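Here's protein_12.pdb, which has PDB, C-alpha atoms, pLDDT in the B column:
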```
ATOM      1  CA  MET A  52     120.514 118.951 100.857  1.00 46.00           C
ATOM      2  CA  ALA A  53     120.515 116.707  97.795  1.00 50.00           C
ATOM      3  CA  GLY A  54     120.754 113.602 100.002  1.00 57.00           C
ATOM      4  CA  ASN A  55     117.520 114.443 101.801  1.00 72.00           C
ATOM      5  CA  ILE A  56     115.604 114.806  98.539  1.00 70.00           C
ATOM      6  CA  LYS A  57     116.894 111.443  97.328  1.00 76.00           C
ATOM      7  CA  ASP A  58     115.879 109.806 100.609  1.00 89.00           C
ATOM      8  CA  LYS A  59     112.466 111.461 100.451  1.00 93.00           C
ATOM      9  CA  GLU A  60     111.840 110.062  96.978  1.00 94.00           C
ATOM     10  CA  ALA A  61     113.023 106.617  98.077  1.00 94.00           C
ATOM     11  CA  PHE A  62     110.702 106.650 101.098  1.00 95.00           C
ATOM     12  CA  GLN A  63     107.827 107.714  98.845  1.00 95.00           C
ATOM     13  CA  ARG A  64     108.558 104.765  96.572  1.00 96.00           C
ATOM     14  CA  LEU A  65     108.701 102.388  99.547  1.00 96.00           C
ATOM     15  CA  ASN A  66     105.403 103.786 100.797  1.00 96.00           C
ATOM     16  CA  PHE A  67     103.824 103.321  97.367  1.00 97.00           C
ATOM     17  CA  LEU A  68     104.958  99.677  97.188  1.00 97.00           C
ATOM     18  CA  TYR A  69     103.604  99.000 100.690  1.00 97.00           C
ATOM     19  CA  GLN A  70     100.240 100.553  99.837  1.00 97.00           C
ATOM     20  CA  ALA A  71     100.112  98.695  96.514  1.00 97.00           C
ATOM     21  CA  ALA A  72     100.646  95.404  98.337  1.00 97.00           C
ATOM     22  CA  HIS A  73      97.733  96.229 100.648  1.00 95.00           C
ATOM     23  CA  CYS A  74      95.469  97.234  97.756  1.00 96.00           C
ATOM     24  CA  VAL A  75      96.224  94.058  95.824  1.00 95.00           C
ATOM     25  CA  LEU A  76      95.242  91.894  98.790  1.00 94.00           C
ATOM     26  CA  ALA A  77      92.168  93.994  99.545  1.00 93.00           C
ATOM     27  CA  GLN A  78      90.840  93.613  95.997  1.00 96.00           C
ATOM     28  CA  ASN A  79      91.645  89.922  95.610  1.00 94.00           C
ATOM     29  CA  PRO A  80      92.900  87.852  98.581  1.00 92.00           C
ATOM     30  CA  GLU A  81      94.051  85.152  96.141  1.00 93.00           C
ATOM     31  CA  ASN A  82      96.681  87.510  94.697  1.00 93.00           C
ATOM     32  CA  VAL A  83      99.331  86.807  97.340  1.00 95.00           C
ATOM     33  CA  GLU A  84     102.180  86.432  94.831  1.00 96.00           C
ATOM     34  CA  LEU A  85     101.854  89.986  93.482  1.00 96.00           C
ATOM     35  CA  SER A  86     101.683  91.353  97.003  1.00 96.00           C
ATOM     36  CA  ARG A  87     104.776  89.316  97.901  1.00 96.00           C
ATOM     37  CA  PHE A  88     106.600  90.741  94.870  1.00 97.00           C
ATOM     38  CA  TYR A  89     105.820  94.301  95.971  1.00 97.00           C
ATOM     39  CA  CYS A  90     107.032  93.603  99.514  1.00 97.00           C
ATOM     40  CA  SER A  91     110.241  91.922  98.339  1.00 97.00           C
ATOM     41  CA  THR A  92     110.938  94.851  95.997  1.00 97.00           C
ATOM     42  CA  GLN A  93     110.383  97.214  98.915  1.00 97.00           C
ATOM     43  CA  LYS A  94     112.788  95.232 101.083  1.00 96.00           C
ATOM     44  CA  THR A  95     115.423  95.133  98.318  1.00 96.00           C
ATOM     45  CA  ILE A  96     115.268  98.888  97.737  1.00 96.00           C
ATOM     46  CA  ALA A  97     115.498  99.670 101.455  1.00 96.00           C
ATOM     47  CA  LYS A  98     118.479  97.350 101.820  1.00 95.00           C
ATOM     48  CA  ARG A  99     120.269  98.700  98.756  1.00 96.00           C
ATOM     49  CA  LEU A 100     119.850 102.355  99.803  1.00 94.00           C
ATOM     50  CA  VAL A 101     120.489 101.562 103.504  1.00 94.00           C
ATOM     51  CA  LEU A 102     117.191 103.035 104.676  1.00 93.00           C
ATOM     52  CA  ARG A 103     115.570 102.176 107.978  1.00 92.00           C
ATOM     53  CA  GLN A 104     111.906 101.373 107.761  1.00 92.00           C
ATOM     54  CA  ASP A 105     109.399 102.163 110.452  1.00 93.00           C
ATOM     55  CA  PRO A 106     108.872  99.280 112.905  1.00 95.00           C
ATOM     56  CA  SER A 107     105.135  99.281 112.209  1.00 94.00           C
ATOM     57  CA  VAL A 108     105.895  98.472 108.563  1.00 94.00           C
ATOM     58  CA  LYS A 109     108.517  95.871 109.405  1.00 93.00           C
ATOM     59  CA  ARG A 110     106.137  94.060 111.773  1.00 94.00           C
ATOM     60  CA  THR A 111     103.537  93.567 109.040  1.00 95.00           C
ATOM     61  CA  VAL A 112     105.876  91.882 106.532  1.00 96.00           C
ATOM     62  CA  CYS A 113     107.195  88.339 106.993  1.00 94.00           C
ATOM     63  CA  LYS A 114     110.987  88.316 107.257  1.00 94.00           C
ATOM     64  CA  ARG A 115     111.374  84.981 105.474  1.00 94.00           C
ATOM     65  CA  CYS A 116     108.962  85.035 102.545  1.00 94.00           C
ATOM     66  CA  CYS A 117     108.133  88.783 102.298  1.00 94.00           C
ATOM     67  CA  THR A 118     104.394  88.138 102.544  1.00 94.00           C
ATOM     68  CA  LEU A 119     102.265  90.983 103.811  1.00 93.00           C
ATOM     69  CA  LEU A 120     100.690  89.841 107.104  1.00 93.00           C
ATOM     70  CA  VAL A 121      97.004  90.718 107.053  1.00 90.00           C
ATOM     71  CA  PRO A 122      94.943  89.117 109.837  1.00 88.00           C
ATOM     72  CA  GLY A 123      92.370  86.722 108.471  1.00 86.00           C
ATOM     73  CA  VAL A 124      93.797  86.812 104.941  1.00 88.00           C
ATOM     74  CA  THR A 125      97.474  85.832 105.041  1.00 88.00           C
ATOM     75  CA  ALA A 126      98.013  85.457 108.774  1.00 88.00           C
ATOM     76  CA  THR A 127      96.310  83.703 111.632  1.00 84.00           C
ATOM     77  CA  ARG A 128      96.544  84.579 115.252  1.00 78.00           C
ATOM     78  CA  ASP A 129      97.461  81.722 117.528  1.00 74.00           C
ATOM     79  CA  THR A 130      95.697  82.097 120.862  1.00 70.00           C
ATOM     80  CA  LYS A 131      96.912  80.020 123.758  1.00 71.00           C
ATOM     81  CA  GLU A 132      94.796  79.676 126.829  1.00 63.00           C
ATOM     82  CA  SER A 133      96.647  79.735 130.106  1.00 58.00           C
ATOM     83  CA  VAL A 134      95.963  76.736 132.303  1.00 53.00           C
TER      84      VAL A 134
END
```
So that I can check it, write out the structure of this file as structure tokens.
Amino acid sequence: MAGNIKDKEAFQRLNFLYQAAHCVLAQNPENVELSRFYCSTQKTIAKRLVLRQDPSVKRTVCKRCCTLLVPGVTATRDTKESV
């Protein structure tokens, strides 16, 4: 039972960091470094505690630089027209 409570608190912390990264970018799109710090901290905690994150969260964070991928702010969508 104690393991579940610890995991629950860890997931709450990961969720808080993810939401904080979104809020930082929503308030000031120039503040990419703080958002990146939150995402890298989230990734470090998940790795250290061996927790699996939801795929929807993993798809919105860059694997290389830990930048939160927000369309139009930190990410662009490359559209290719078929010939």
Since I can't run it myself right now, could you work out what the PyMOL selection byres ((chain A and resi 61-73) around 6) selects here and report it as a PDB file with C-alpha atoms, in the coordinates of the input?
```pdb
ATOM      1  CA  ASP A  58     115.879 109.806 100.609  1.00 89.00           C
ATOM      2  CA  LYS A  59     112.466 111.461 100.451  1.00 93.00           C
ATOM      3  CA  GLU A  60     111.840 110.062  96.978  1.00 94.00           C
ATOM      4  CA  CYS A  74      95.469  97.234  97.756  1.00 96.00           C
ATOM      5  CA  VAL A  75      96.224  94.058  95.824  1.00 95.00           C
ATOM      6  CA  LEU A  76      95.242  91.894  98.790  1.00 94.00           C
ATOM      7  CA  SER A  86     101.683  91.353  97.003  1.00 96.00           C
ATOM      8  CA  TYR A  89     105.820  94.301  95.971  1.00 97.00           C
ATOM      9  CA  GLN A  93     110.383  97.214  98.915  1.00 97.00           C
TER      10      GLN A  93
END
```
Expansion of the PyMOL selection byres ((chain A and resi 116-124) around 7) into residues, as a list in words: Pro80, Ser86, Arg87, Cys90, Ser91, Thr111, Val112, Cys113, Lys114, Arg115, Thr125, Ala126 and Thr127 of chain A
Between CA of Val108 in chain A and CA of Thr130 in chain A - distance in Å to one decimal: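 Atom-to-atom, CA of Thr130 in chain A to CA of Val108 in chain A, that is 22.9 Å.
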Atom pair CA of Asn55 in chain A / CA of Pro106 in chain A: separation (Å): 20.7 Å
Between CA of Lys109 in chain A and CA of Thr95 in chain A, distance in Å (one decimal): 13.1 Å
Box centre and edge lengths (Å, one decimal), axis-aligned, range 71-76 of chain A plus 8 Å each side, as AutoDock Vina command-line options:
```
--center_x 97.9 --center_y 95.3 --center_z 98.2 --size_x 21.4 --size_y 22.8 --size_z 20.8
```
